[in-house]
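K.L.:
This structure is in structure tokens; I'll ask about it shortly.
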Amino acid sequence: MFKKILIANRGEIACRVAQSAKALGIKVVAVYSDADRDAHHVQMADEAYRLGPAPVAESYLNIPELLNAAKTSGADAIHPGYGFLSENPEFVEAVEAAGLVFIGPPADAIRAMGLKDAAKKLMEESGVPVVPGYHGDNQDAEFLKAESDKIGYPVLIKARAGGGGKGMRRVDDPTNFFEALEGAQREGQSSFGDPRVLIEKYILSPRHIEVQVFCDGHGNAVHLFERDCSLQRRHQKVIEEAPAPGMSNEMRNAMGEAAVKAAQAVGYEGAGTVEFIVDGSKGLRPDRFWFMEMNTRLQVEHPVTEAITGQDLVNWQLSVAAGGTLPLMQDELTISGHAFEARIYAEDAEAGFLPATGTLNELKLPELFARIDSGVRKGDTITPYYDPMIAKVICHGETREAALTKLSLALEKSHAVGCTTNITFLHRLCNHDTFVKGEMDTGLIDRDLATLTKPTAPTKHALAMAALIELGFASETAVVKIDPWASLTGWRHWTAAKQYSHLSWRGDVTEVVASRHHDGSLTVTVDGEDFSLQILSVDNNHMRVDFSGQITSADFFAENGNLTLFCDGVTWRFDLPDQLAEQDDSAASGNAITSPMPGLVRAVNCKPGDKVSEGDTLIVTEAMKMEHSLKAPRDGVVAEVMASAGDQVEEGVILLTLEEED
């Protein structure tokens, strides 16, 4: 076994690998960019080395600096994690040329599976079923359009070097083909340095089911069963589970054998995942699954496989890379129970899943009955430079129902303050009727997106509790300091004193009136409705209130004139209105397009004087590895363009203005 390894990654996966390595007595070397100097993965390591500035090209993709850190530290091997250089064959060859061991597959295997078109050809030759489509070298736009017409719509355009949902566009209408092609090519070039694409038939009732495989250098190969990753948005996985609902032993064996055959076809070693697209329209059938791609690394969702098999896949990686045989053979592997993983991201689901940034002023995750894999802590900052993952919440139970119940509760108990997260969206999703029944497909989120992301207005109970917290009834210190004479909480000769709270949620201000009586009880008036209540307890930012026999509880966090309330799986952020604040009239009336977050301008599709229609894509920006289309808010004429392709812009900067047509 290795004595010391360098982890060429950051965040959650770097912490995950370090945890298993340390448990085996292996010393861990971390690397970091300037933005990550005080990051959790750095503090977990035995030693750490600076790579360079925050941009990935100057830090985590800097192969010479990574190798220099490994050489200086005396590491025996390099673990790539996932993302960054984990599937870069040139990096593998550079590691081996430096006399180090790469904890992953051979470079040739990565090359064979790295380009989707070549991989599909190889799979066809190896007898693995593949999705109908065009996987050739001709990249002429008109030719690709003609091939798509032959295949029949809808089709899926995919960057051939892609992964993680990047460089993918679904096309339902042939009139939208060229715009989608340009977007996929541009994103493929940006993310992978390769604009070439392939075309696939889009399966209308698709399920995304993948198989975990493992091979060693002694000719042994096994699969560790399947994971269902059908809950996706923008082709990125949101909630994963294992085993797949409705999976028969016959189909599991067929998919497992196909996955192992795929891995053996390229001389694979280490951990890998073979992904299949499955037609779930008539249930899971052994003749209705097709090879999609192989990820030649450890997957983000590997913990659900660990939960149902009882195996540590990072330990397996280390053992195989050190020259050992697989810890278990196929007939020794079994499934126990069911597991789910939900990915908590810093993103705004209600604003089209825009990545969010900010400092985590509060972070509470339920470690009592869930496994939490995270690379951040309270006080850390989510920057625009890297993937915005905050944590993975993994729950295991004897049955699917038991595991899903745990996941729902775990998400309800997950709190983050300081940047917008997708926790409320995840909580709704895991309680979605179709998902609860296990009847989902990859289109579920898109079909119900409006319901899943619709803002939930604060309930009257929530408003009452927020007002009590703000006014100081629930703690010794109110959000806004109350003058002792103005607080009116003491004795009054005639009637109970009234206090007024003005809570702003999404721009709507609600006045809440609170009165304390001589017996300690309270009356709170919300929108003309009176509530008689008692505060039962306030402890560690947790509040329990009796509303006339109905006991409701909530967690809360107050800071800098803002109040965040967590109740029943929903997060509400209240602002105290600033009476002096003014909004930009032109922006409010739809005359300006502003940058939703810090990022890079990728494309400007208009110039001053152009007539545009509501919904036209005018500017394309890129942030956190994803493109975002900024569309015209109304019909009009472009008045001024303040940005050019290649510009780095900050959040809130005006990029373009419109004017009325003469």
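Starting from 1 in every chain, residues are counted up; chains themselves are A, B, ... following the order of the structure tokens, and ligands are numbered from 1 as listed.
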I'd like the neighbourhood of Lys121 (chain A) as a VMD selection string, where a residue qualifies if any of its atoms comes within 12 Å (using only C-alpha atoms), though same-chain residues fewer than 6 positions away should be ignored.
P.N.:
chain A and resid 112 to 113 115 127 to 137 198 262 265 291 to 293
K.L.:
Take the residues from that selection and write them out as a short mmCIF file (atom, residue, chain, number, x, y, z; two decimals), in the first residue's frame, keeping all heavy atoms.
P.N.:
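Below is the file that was written, out_25.cif:
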```cif
data_model
loop_
_atom_site.label_atom_id
_atom_site.label_comp_id
_atom_site.auth_asym_id
_atom_site.auth_seq_id
_atom_site.Cartn_x
_atom_site.Cartn_y
_atom_site.Cartn_z
N ALA A 112 -10.03 5.70 -25.05
CA ALA A 112 -11.03 4.90 -25.76
C ALA A 112 -12.44 5.30 -25.38
O ALA A 112 -13.35 5.29 -26.21
CB ALA A 112 -10.80 3.41 -25.47
N MET A 113 -12.64 5.64 -24.11
CA MET A 113 -13.99 5.99 -23.65
C MET A 113 -14.22 7.49 -23.57
O MET A 113 -15.36 7.93 -23.40
CB MET A 113 -14.22 5.38 -22.25
CG MET A 113 -14.39 3.87 -22.27
SD MET A 113 -15.82 3.38 -23.27
CE MET A 113 -15.92 1.63 -22.84
N LEU A 115 -13.94 9.92 -25.88
CA LEU A 115 -14.64 10.51 -27.01
C LEU A 115 -15.87 9.65 -27.29
O LEU A 115 -15.76 8.49 -27.67
CB LEU A 115 -13.73 10.58 -28.23
CG LEU A 115 -12.48 11.45 -28.04
CD1 LEU A 115 -11.62 11.42 -29.29
CD2 LEU A 115 -12.86 12.88 -27.69
N GLY A 127 -20.29 -5.80 -29.04
CA GLY A 127 -21.58 -6.43 -28.76
C GLY A 127 -22.40 -5.76 -27.68
O GLY A 127 -23.35 -6.34 -27.17
N VAL A 128 -22.04 -4.50 -27.34
CA VAL A 128 -22.81 -3.77 -26.34
C VAL A 128 -23.82 -2.89 -27.08
O VAL A 128 -23.44 -2.15 -27.99
CB VAL A 128 -21.88 -2.89 -25.47
CG1 VAL A 128 -22.69 -2.08 -24.46
CG2 VAL A 128 -20.86 -3.76 -24.75
N PRO A 129 -25.11 -2.95 -26.75
CA PRO A 129 -26.11 -2.17 -27.48
C PRO A 129 -25.91 -0.67 -27.33
O PRO A 129 -25.60 -0.19 -26.24
CB PRO A 129 -27.44 -2.61 -26.84
CG PRO A 129 -27.07 -3.14 -25.50
CD PRO A 129 -25.72 -3.74 -25.65
N VAL A 130 -26.06 0.09 -28.42
CA VAL A 130 -25.88 1.54 -28.39
C VAL A 130 -27.12 2.24 -28.97
O VAL A 130 -27.87 1.67 -29.75
CB VAL A 130 -24.63 1.98 -29.19
CG1 VAL A 130 -23.38 1.36 -28.61
CG2 VAL A 130 -24.78 1.64 -30.66
N VAL A 131 -27.32 3.50 -28.59
CA VAL A 131 -28.46 4.28 -29.05
C VAL A 131 -28.28 4.64 -30.52
O VAL A 131 -27.19 5.02 -30.94
CB VAL A 131 -28.58 5.58 -28.21
CG1 VAL A 131 -29.77 6.41 -28.68
CG2 VAL A 131 -28.73 5.25 -26.74
N PRO A 132 -29.35 4.57 -31.32
CA PRO A 132 -29.25 4.99 -32.72
C PRO A 132 -28.82 6.45 -32.82
O PRO A 132 -29.26 7.29 -32.04
CB PRO A 132 -30.68 4.82 -33.25
CG PRO A 132 -31.32 3.84 -32.32
CD PRO A 132 -30.69 4.07 -30.99
N GLY A 133 -27.93 6.75 -33.80
CA GLY A 133 -27.48 8.12 -33.95
C GLY A 133 -26.35 8.25 -34.93
O GLY A 133 -25.99 7.28 -35.62
N TYR A 134 -25.76 9.45 -35.01
CA TYR A 134 -24.61 9.69 -35.87
C TYR A 134 -23.40 9.97 -34.99
O TYR A 134 -23.40 10.89 -34.17
CB TYR A 134 -24.84 10.89 -36.80
CG TYR A 134 -23.61 11.22 -37.62
CD1 TYR A 134 -23.21 10.39 -38.67
CD2 TYR A 134 -22.81 12.32 -37.30
CE1 TYR A 134 -22.07 10.66 -39.40
CE2 TYR A 134 -21.66 12.60 -38.03
CZ TYR A 134 -21.29 11.76 -39.07
OH TYR A 134 -20.15 12.02 -39.78
N HIS A 135 -22.34 9.16 -35.18
CA HIS A 135 -21.14 9.27 -34.35
C HIS A 135 -19.90 9.50 -35.20
O HIS A 135 -18.79 9.22 -34.76
CB HIS A 135 -20.96 8.00 -33.51
CG HIS A 135 -22.19 7.57 -32.80
ND1 HIS A 135 -22.67 6.27 -32.84
CD2 HIS A 135 -23.08 8.27 -32.07
CE1 HIS A 135 -23.79 6.19 -32.14
NE2 HIS A 135 -24.06 7.38 -31.67
N GLY A 136 -20.08 10.02 -36.43
CA GLY A 136 -18.97 10.16 -37.36
C GLY A 136 -18.19 11.44 -37.21
O GLY A 136 -18.41 12.25 -36.30
N ASP A 137 -17.25 11.66 -38.14
CA ASP A 137 -16.32 12.78 -38.07
C ASP A 137 -16.82 14.04 -38.78
O ASP A 137 -16.30 15.13 -38.54
CB ASP A 137 -14.97 12.39 -38.68
CG ASP A 137 -14.28 11.29 -37.88
OD1 ASP A 137 -14.44 11.28 -36.64
OD2 ASP A 137 -13.60 10.44 -38.49
N LEU A 198 -21.77 14.73 -31.42
CA LEU A 198 -22.44 13.58 -32.02
C LEU A 198 -23.93 13.79 -31.83
O LEU A 198 -24.37 14.61 -31.02
CB LEU A 198 -21.97 12.27 -31.40
CG LEU A 198 -22.04 12.10 -29.88
CD1 LEU A 198 -23.41 11.60 -29.46
CD2 LEU A 198 -20.99 11.13 -29.39
N ALA A 262 -18.03 -3.94 -21.50
CA ALA A 262 -17.57 -2.63 -21.98
C ALA A 262 -16.22 -2.27 -21.37
O ALA A 262 -15.32 -1.78 -22.06
CB ALA A 262 -18.61 -1.56 -21.66
N ALA A 265 -13.37 -4.39 -22.72
CA ALA A 265 -13.04 -4.10 -24.12
C ALA A 265 -11.93 -3.07 -24.25
O ALA A 265 -11.27 -3.00 -25.29
CB ALA A 265 -14.29 -3.62 -24.85
N PHE A 291 -26.04 1.51 -24.41
CA PHE A 291 -24.83 2.18 -23.91
C PHE A 291 -24.88 3.66 -24.25
O PHE A 291 -25.22 4.05 -25.37
CB PHE A 291 -23.59 1.53 -24.53
CG PHE A 291 -22.30 2.26 -24.22
CD1 PHE A 291 -21.60 1.99 -23.06
CD2 PHE A 291 -21.79 3.20 -25.10
CE1 PHE A 291 -20.41 2.64 -22.77
CE2 PHE A 291 -20.60 3.87 -24.83
CZ PHE A 291 -19.91 3.58 -23.67
N MET A 292 -24.55 4.48 -23.28
CA MET A 292 -24.52 5.93 -23.49
C MET A 292 -23.08 6.45 -23.42
O MET A 292 -22.61 7.12 -24.32
CB MET A 292 -25.40 6.61 -22.45
CG MET A 292 -25.71 8.05 -22.72
SD MET A 292 -27.11 8.65 -21.76
CE MET A 292 -26.64 8.22 -20.09
N GLU A 293 -22.38 6.14 -22.34
CA GLU A 293 -21.00 6.56 -22.19
C GLU A 293 -20.41 5.86 -20.98
O GLU A 293 -21.12 5.24 -20.18
CB GLU A 293 -20.89 8.07 -22.01
CG GLU A 293 -21.58 8.60 -20.76
CD GLU A 293 -21.50 10.11 -20.65
OE1 GLU A 293 -20.68 10.72 -21.36
OE2 GLU A 293 -22.27 10.68 -19.87
#
```
K.L.:
Find the spatial neighbours of region 351-353 of chain A, counting only C-alpha atoms, within a cut-off of 10 Å - ignore same-chain residues fewer than 6 positions away - and output them as a PyMOL selection string.
P.N.:
chain A and resi 233-234+345+421-422+449+453-454+596+628
K.L.:
Between A:Ala402, A:Ile26, A:Leu51, A:Leu360, which residue has the minimum interatomic distance to Thr381 (chain A), considering only C-alpha atoms?
P.N.:
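Residue with the minimum atom-to-atom distance to Thr381 (chain A): A:Leu360.
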K.L.:
Neighbours of His40 (chain A) within 10 Å (only C-alpha atoms; same-chain residues fewer than 2 positions away dropped), as a ChimeraX atom specification?
P.N.:
/A:10-12,14-15,36-38,42-45,374-377,380
K.L.:
Using only C-alpha atoms, determine which residues lie at most 12 Å from Ala457 (chain A), disregarding the query and same-chain residues fewer than 4 positions distant; provide the list as a PDB file with N, CA, C and O atoms, in the first residue's frame.
P.N.:
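Once written, selection20.pdb looks like this:
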```
ATOM      1  N   HIS A 461     -48.460  31.357  10.125  1.00  0.00           N
ATOM      2  CA  HIS A 461     -47.688  30.917  11.283  1.00  0.00           C
ATOM      3  C   HIS A 461     -46.216  31.306  11.133  1.00  0.00           C
ATOM      4  O   HIS A 461     -45.568  31.730  12.101  1.00  0.00           O
ATOM      5  N   ALA A 462     -45.692  31.147   9.923  1.00  0.00           N
ATOM      6  CA  ALA A 462     -44.297  31.512   9.684  1.00  0.00           C
ATOM      7  C   ALA A 462     -44.090  33.010   9.866  1.00  0.00           C
ATOM      8  O   ALA A 462     -43.099  33.451  10.471  1.00  0.00           O
ATOM      9  N   LEU A 463     -45.007  33.810   9.352  1.00  0.00           N
ATOM     10  CA  LEU A 463     -44.904  35.262   9.520  1.00  0.00           C
ATOM     11  C   LEU A 463     -44.983  35.654  10.987  1.00  0.00           C
ATOM     12  O   LEU A 463     -44.253  36.549  11.448  1.00  0.00           O
ATOM     13  N   SER A 504     -40.430  41.922   4.874  1.00  0.00           N
ATOM     14  CA  SER A 504     -40.428  41.950   3.418  1.00  0.00           C
ATOM     15  C   SER A 504     -39.944  40.612   2.882  1.00  0.00           C
ATOM     16  O   SER A 504     -38.844  40.155   3.210  1.00  0.00           O
ATOM     17  N   TRP A 505     -40.797  39.984   2.073  1.00  0.00           N
ATOM     18  CA  TRP A 505     -40.427  38.719   1.413  1.00  0.00           C
ATOM     19  C   TRP A 505     -40.640  38.889  -0.082  1.00  0.00           C
ATOM     20  O   TRP A 505     -41.749  39.156  -0.535  1.00  0.00           O
ATOM     21  N   ARG A 506     -39.529  38.798  -0.839  1.00  0.00           N
ATOM     22  CA  ARG A 506     -39.578  38.959  -2.292  1.00  0.00           C
ATOM     23  C   ARG A 506     -40.244  40.279  -2.697  1.00  0.00           C
ATOM     24  O   ARG A 506     -40.983  40.356  -3.684  1.00  0.00           O
ATOM     25  N   GLY A 507     -40.031  41.316  -1.892  1.00  0.00           N
ATOM     26  CA  GLY A 507     -40.555  42.625  -2.205  1.00  0.00           C
ATOM     27  C   GLY A 507     -41.935  42.921  -1.654  1.00  0.00           C
ATOM     28  O   GLY A 507     -42.374  44.075  -1.670  1.00  0.00           O
ATOM     29  N   ASP A 508     -42.640  41.904  -1.171  1.00  0.00           N
ATOM     30  CA  ASP A 508     -43.961  42.114  -0.572  1.00  0.00           C
ATOM     31  C   ASP A 508     -43.808  42.321   0.931  1.00  0.00           C
ATOM     32  O   ASP A 508     -43.210  41.482   1.617  1.00  0.00           O
ATOM     33  N   VAL A 509     -44.357  43.413   1.443  1.00  0.00           N
ATOM     34  CA  VAL A 509     -44.215  43.737   2.858  1.00  0.00           C
ATOM     35  C   VAL A 509     -45.507  43.391   3.596  1.00  0.00           C
ATOM     36  O   VAL A 509     -46.603  43.765   3.177  1.00  0.00           O
ATOM     37  N   THR A 510     -45.364  42.654   4.684  1.00  0.00           N
ATOM     38  CA  THR A 510     -46.499  42.294   5.534  1.00  0.00           C
ATOM     39  C   THR A 510     -46.306  42.915   6.908  1.00  0.00           C
ATOM     40  O   THR A 510     -45.231  42.788   7.508  1.00  0.00           O
ATOM     41  N   VAL A 570     -39.088  24.317   4.035  1.00  0.00           N
ATOM     42  CA  VAL A 570     -39.070  25.534   3.230  1.00  0.00           C
ATOM     43  C   VAL A 570     -38.186  26.571   3.914  1.00  0.00           C
ATOM     44  O   VAL A 570     -38.160  26.670   5.142  1.00  0.00           O
ATOM     45  N   THR A 571     -37.459  27.323   3.101  1.00  0.00           N
ATOM     46  CA  THR A 571     -36.619  28.407   3.607  1.00  0.00           C
ATOM     47  C   THR A 571     -37.205  29.736   3.177  1.00  0.00           C
ATOM     48  O   THR A 571     -37.471  29.950   1.991  1.00  0.00           O
ATOM     49  N   TRP A 572     -37.432  30.620   4.139  1.00  0.00           N
ATOM     50  CA  TRP A 572     -37.905  31.970   3.835  1.00  0.00           C
ATOM     51  C   TRP A 572     -36.874  32.979   4.337  1.00  0.00           C
ATOM     52  O   TRP A 572     -36.443  32.910   5.488  1.00  0.00           O
ATOM     53  N   ARG A 573     -36.533  33.908   3.474  1.00  0.00           N
ATOM     54  CA  ARG A 573     -35.611  34.977   3.862  1.00  0.00           C
ATOM     55  C   ARG A 573     -36.379  36.285   3.877  1.00  0.00           C
ATOM     56  O   ARG A 573     -36.942  36.712   2.869  1.00  0.00           O
ATOM     57  N   PHE A 574     -36.432  36.902   5.055  1.00  0.00           N
ATOM     58  CA  PHE A 574     -37.149  38.160   5.226  1.00  0.00           C
ATOM     59  C   PHE A 574     -36.153  39.313   5.327  1.00  0.00           C
ATOM     60  O   PHE A 574     -35.137  39.211   6.016  1.00  0.00           O
TER      61      PHE A 574
END
```
K.L.:
State, in Å with one decimal place, the distance from CA of Ala180 (chain A) to CA of Tyr202 (chain A).
P.N.:
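Between these atoms lies a distance of 14.4 Å.
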K.L.:
Using only C-alpha atoms, can you tell me which of A:Asn138, A:Ser86, A:Asn541, A:Gln311 comes closest to Gln299 (chain A)?
P.N.:
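When distances to Gln299 (chain A) are compared using only C-alpha atoms, the smallest one comes from A:Ser86.
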K.L.:
With only C-alpha atoms as the counted atoms, please give the residues lying no more than 12 Å from Phe91 (chain A), apart from itself and same-chain residues fewer than 3 positions off, as an MDAnalysis selection string.
P.N.:
chainID A and resid 8 60:67 78:80 84:88 94:98 100:108 110:111
K.L.:
Name the closest residue to Cys419 (chain A) among the candidates A:Cys395, A:Leu354, A:Ile619, A:Val260; distances are taken between atoms, counting only C-alpha atoms.
P.N.:
A:Leu354
K.L.:
Counting only C-alpha atoms, figure out which residue out of A:Glu622, A:Glu559, A:Val314, A:Ala259 gets nearest to Ala21 (chain A).
P.N.:
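Closest residue, counting only C-alpha atoms: A:Val314.
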K.L.:
So that I can check the surroundings of Asn220 (chain A), please list as an NGL selection string every protein, DNA and RNA residue that reaches within 8 Å of it, counting only C-alpha atoms and ignoring chain neighbours fewer than 6 positions away.
P.N.:
:A and (325-326 or 329)
K.L.:
Kindly indicate which residue among A:Lys611, A:Lys460, A:Arg285, A:His338 lies nearest to Arg227 (chain A), using only C-alpha atoms for the distances.
P.N.:
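Checking each of A:Lys611, A:Lys460, A:Arg285, A:His338 against Arg227 (chain A), counting only C-alpha atoms, the winner is A:His338.
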K.L.:
Please report, as a ChimeraX atom specification, each residue of region 80-313 of chain A to which DSSP assigns strand (DSSP E) when run on this structure's backbone.
P.N.:
/A:101-102,133-134,155-159,168-171,197-201,206-215,221-233,236-242,270-279,289-295
K.L.:
With C-alpha atoms retained, write the just-selected residues as a PDB file, in the first residue's frame.
P.N.:
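What landed in result_5.pdb:
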```pdb
ATOM      1  CA  VAL A 101       1.242   5.841  -9.773  1.00  0.00           C
ATOM      2  CA  PHE A 102      -2.021   7.199 -11.165  1.00  0.00           C
ATOM      3  CA  GLY A 133     -27.478   8.124 -33.949  1.00  0.00           C
ATOM      4  CA  TYR A 134     -24.610   9.695 -35.870  1.00  0.00           C
ATOM      5  CA  VAL A 155     -32.604  14.373 -30.978  1.00  0.00           C
ATOM      6  CA  LEU A 156     -29.843  15.052 -28.491  1.00  0.00           C
ATOM      7  CA  ILE A 157     -26.723  16.966 -29.544  1.00  0.00           C
ATOM      8  CA  LYS A 158     -23.791  15.978 -27.321  1.00  0.00           C
ATOM      9  CA  ALA A 159     -20.236  17.266 -27.153  1.00  0.00           C
ATOM     10  CA  MET A 168     -25.664  18.906 -24.489  1.00  0.00           C
ATOM     11  CA  ARG A 169     -28.787  20.246 -26.195  1.00  0.00           C
ATOM     12  CA  ARG A 170     -32.137  18.567 -26.815  1.00  0.00           C
ATOM     13  CA  VAL A 171     -33.773  19.582 -30.099  1.00  0.00           C
ATOM     14  CA  VAL A 197     -20.433  16.721 -31.379  1.00  0.00           C
ATOM     15  CA  LEU A 198     -22.438  13.584 -32.025  1.00  0.00           C
ATOM     16  CA  ILE A 199     -26.176  13.164 -32.558  1.00  0.00           C
ATOM     17  CA  GLU A 200     -28.398  10.646 -30.773  1.00  0.00           C
ATOM     18  CA  LYS A 201     -32.044   9.708 -30.914  1.00  0.00           C
ATOM     19  CA  PRO A 206     -35.867   7.607 -20.764  1.00  0.00           C
ATOM     20  CA  ARG A 207     -34.392   6.431 -17.519  1.00  0.00           C
ATOM     21  CA  HIS A 208     -30.733   6.944 -16.807  1.00  0.00           C
ATOM     22  CA  ILE A 209     -29.358   3.819 -15.146  1.00  0.00           C
ATOM     23  CA  GLU A 210     -25.649   3.297 -14.649  1.00  0.00           C
ATOM     24  CA  VAL A 211     -23.571   0.352 -13.474  1.00  0.00           C
ATOM     25  CA  GLN A 212     -20.552   0.607 -11.167  1.00  0.00           C
ATOM     26  CA  VAL A 213     -17.697  -1.548 -12.450  1.00  0.00           C
ATOM     27  CA  PHE A 214     -14.293  -2.391 -11.010  1.00  0.00           C
ATOM     28  CA  CYS A 215     -11.330  -4.100 -12.650  1.00  0.00           C
ATOM     29  CA  ALA A 221     -13.703  -7.593 -13.238  1.00  0.00           C
ATOM     30  CA  VAL A 222     -16.961  -7.171 -11.320  1.00  0.00           C
ATOM     31  CA  HIS A 223     -19.956  -4.883 -11.213  1.00  0.00           C
ATOM     32  CA  LEU A 224     -21.324  -3.495  -7.958  1.00  0.00           C
ATOM     33  CA  PHE A 225     -24.906  -3.259  -9.253  1.00  0.00           C
ATOM     34  CA  GLU A 226     -26.754  -0.273 -10.597  1.00  0.00           C
ATOM     35  CA  ARG A 227     -27.725   3.281  -9.693  1.00  0.00           C
ATOM     36  CA  ASP A 228     -30.764   5.115 -11.017  1.00  0.00           C
ATOM     37  CA  CYS A 229     -29.872   8.712 -11.916  1.00  0.00           C
ATOM     38  CA  SER A 230     -33.059   9.661 -13.769  1.00  0.00           C
ATOM     39  CA  LEU A 231     -33.811  12.767 -11.699  1.00  0.00           C
ATOM     40  CA  GLN A 232     -31.917  15.342 -13.749  1.00  0.00           C
ATOM     41  CA  ARG A 233     -32.103  18.922 -14.890  1.00  0.00           C
ATOM     42  CA  GLN A 236     -27.086  16.978 -14.532  1.00  0.00           C
ATOM     43  CA  LYS A 237     -28.019  14.517 -11.825  1.00  0.00           C
ATOM     44  CA  VAL A 238     -29.941  15.846  -8.834  1.00  0.00           C
ATOM     45  CA  ILE A 239     -30.992  12.833  -6.739  1.00  0.00           C
ATOM     46  CA  GLU A 240     -29.555   9.350  -7.275  1.00  0.00           C
ATOM     47  CA  GLU A 241     -30.581   6.028  -5.782  1.00  0.00           C
ATOM     48  CA  ALA A 242     -29.561   2.379  -5.648  1.00  0.00           C
ATOM     49  CA  GLY A 270      -9.893   0.706 -11.288  1.00  0.00           C
ATOM     50  CA  ALA A 271     -13.315   2.251 -10.696  1.00  0.00           C
ATOM     51  CA  GLY A 272     -15.544   3.154 -13.608  1.00  0.00           C
ATOM     52  CA  THR A 273     -19.194   3.708 -14.393  1.00  0.00           C
ATOM     53  CA  VAL A 274     -20.946   2.511 -17.533  1.00  0.00           C
ATOM     54  CA  GLU A 275     -24.019   4.644 -18.194  1.00  0.00           C
ATOM     55  CA  PHE A 276     -27.057   3.333 -20.038  1.00  0.00           C
ATOM     56  CA  ILE A 277     -30.186   4.991 -21.367  1.00  0.00           C
ATOM     57  CA  VAL A 278     -33.225   2.807 -20.726  1.00  0.00           C
ATOM     58  CA  ASP A 279     -36.664   2.928 -22.330  1.00  0.00           C
ATOM     59  CA  PHE A 289     -31.252  -0.478 -22.703  1.00  0.00           C
ATOM     60  CA  TRP A 290     -28.396   1.094 -24.653  1.00  0.00           C
ATOM     61  CA  PHE A 291     -24.832   2.176 -23.906  1.00  0.00           C
ATOM     62  CA  MET A 292     -24.515   5.926 -23.492  1.00  0.00           C
ATOM     63  CA  GLU A 293     -20.998   6.556 -22.186  1.00  0.00           C
ATOM     64  CA  MET A 294     -18.418   5.417 -19.676  1.00  0.00           C
ATOM     65  CA  ASN A 295     -17.065   7.669 -16.953  1.00  0.00           C
TER      66      ASN A 295
END
```
K.L.:
Can you tell me how far CA of Thr357 (chain A) sits from CA of Cys606 (chain A), in Å to one decimal?
P.N.:
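Between CA of Thr357 (chain A) and CA of Cys606 (chain A) the gap works out to 28.5 Å.
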K.L.:
Between A:Gly652, A:Leu630, A:Glu660, A:Gly337, which residue has the minimum interatomic distance to Gly609 (chain A), considering only C-alpha atoms?
P.N.:
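Distance minimum relative to Gly609 (chain A) lands on A:Glu660.
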K.L.:
CA of Lys27 (chain A) and CA of Tyr82 (chain A) are how many Å apart?
P.N.:
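Going from CA of Lys27 (chain A) over to CA of Tyr82 (chain A) covers 20.0 Å.
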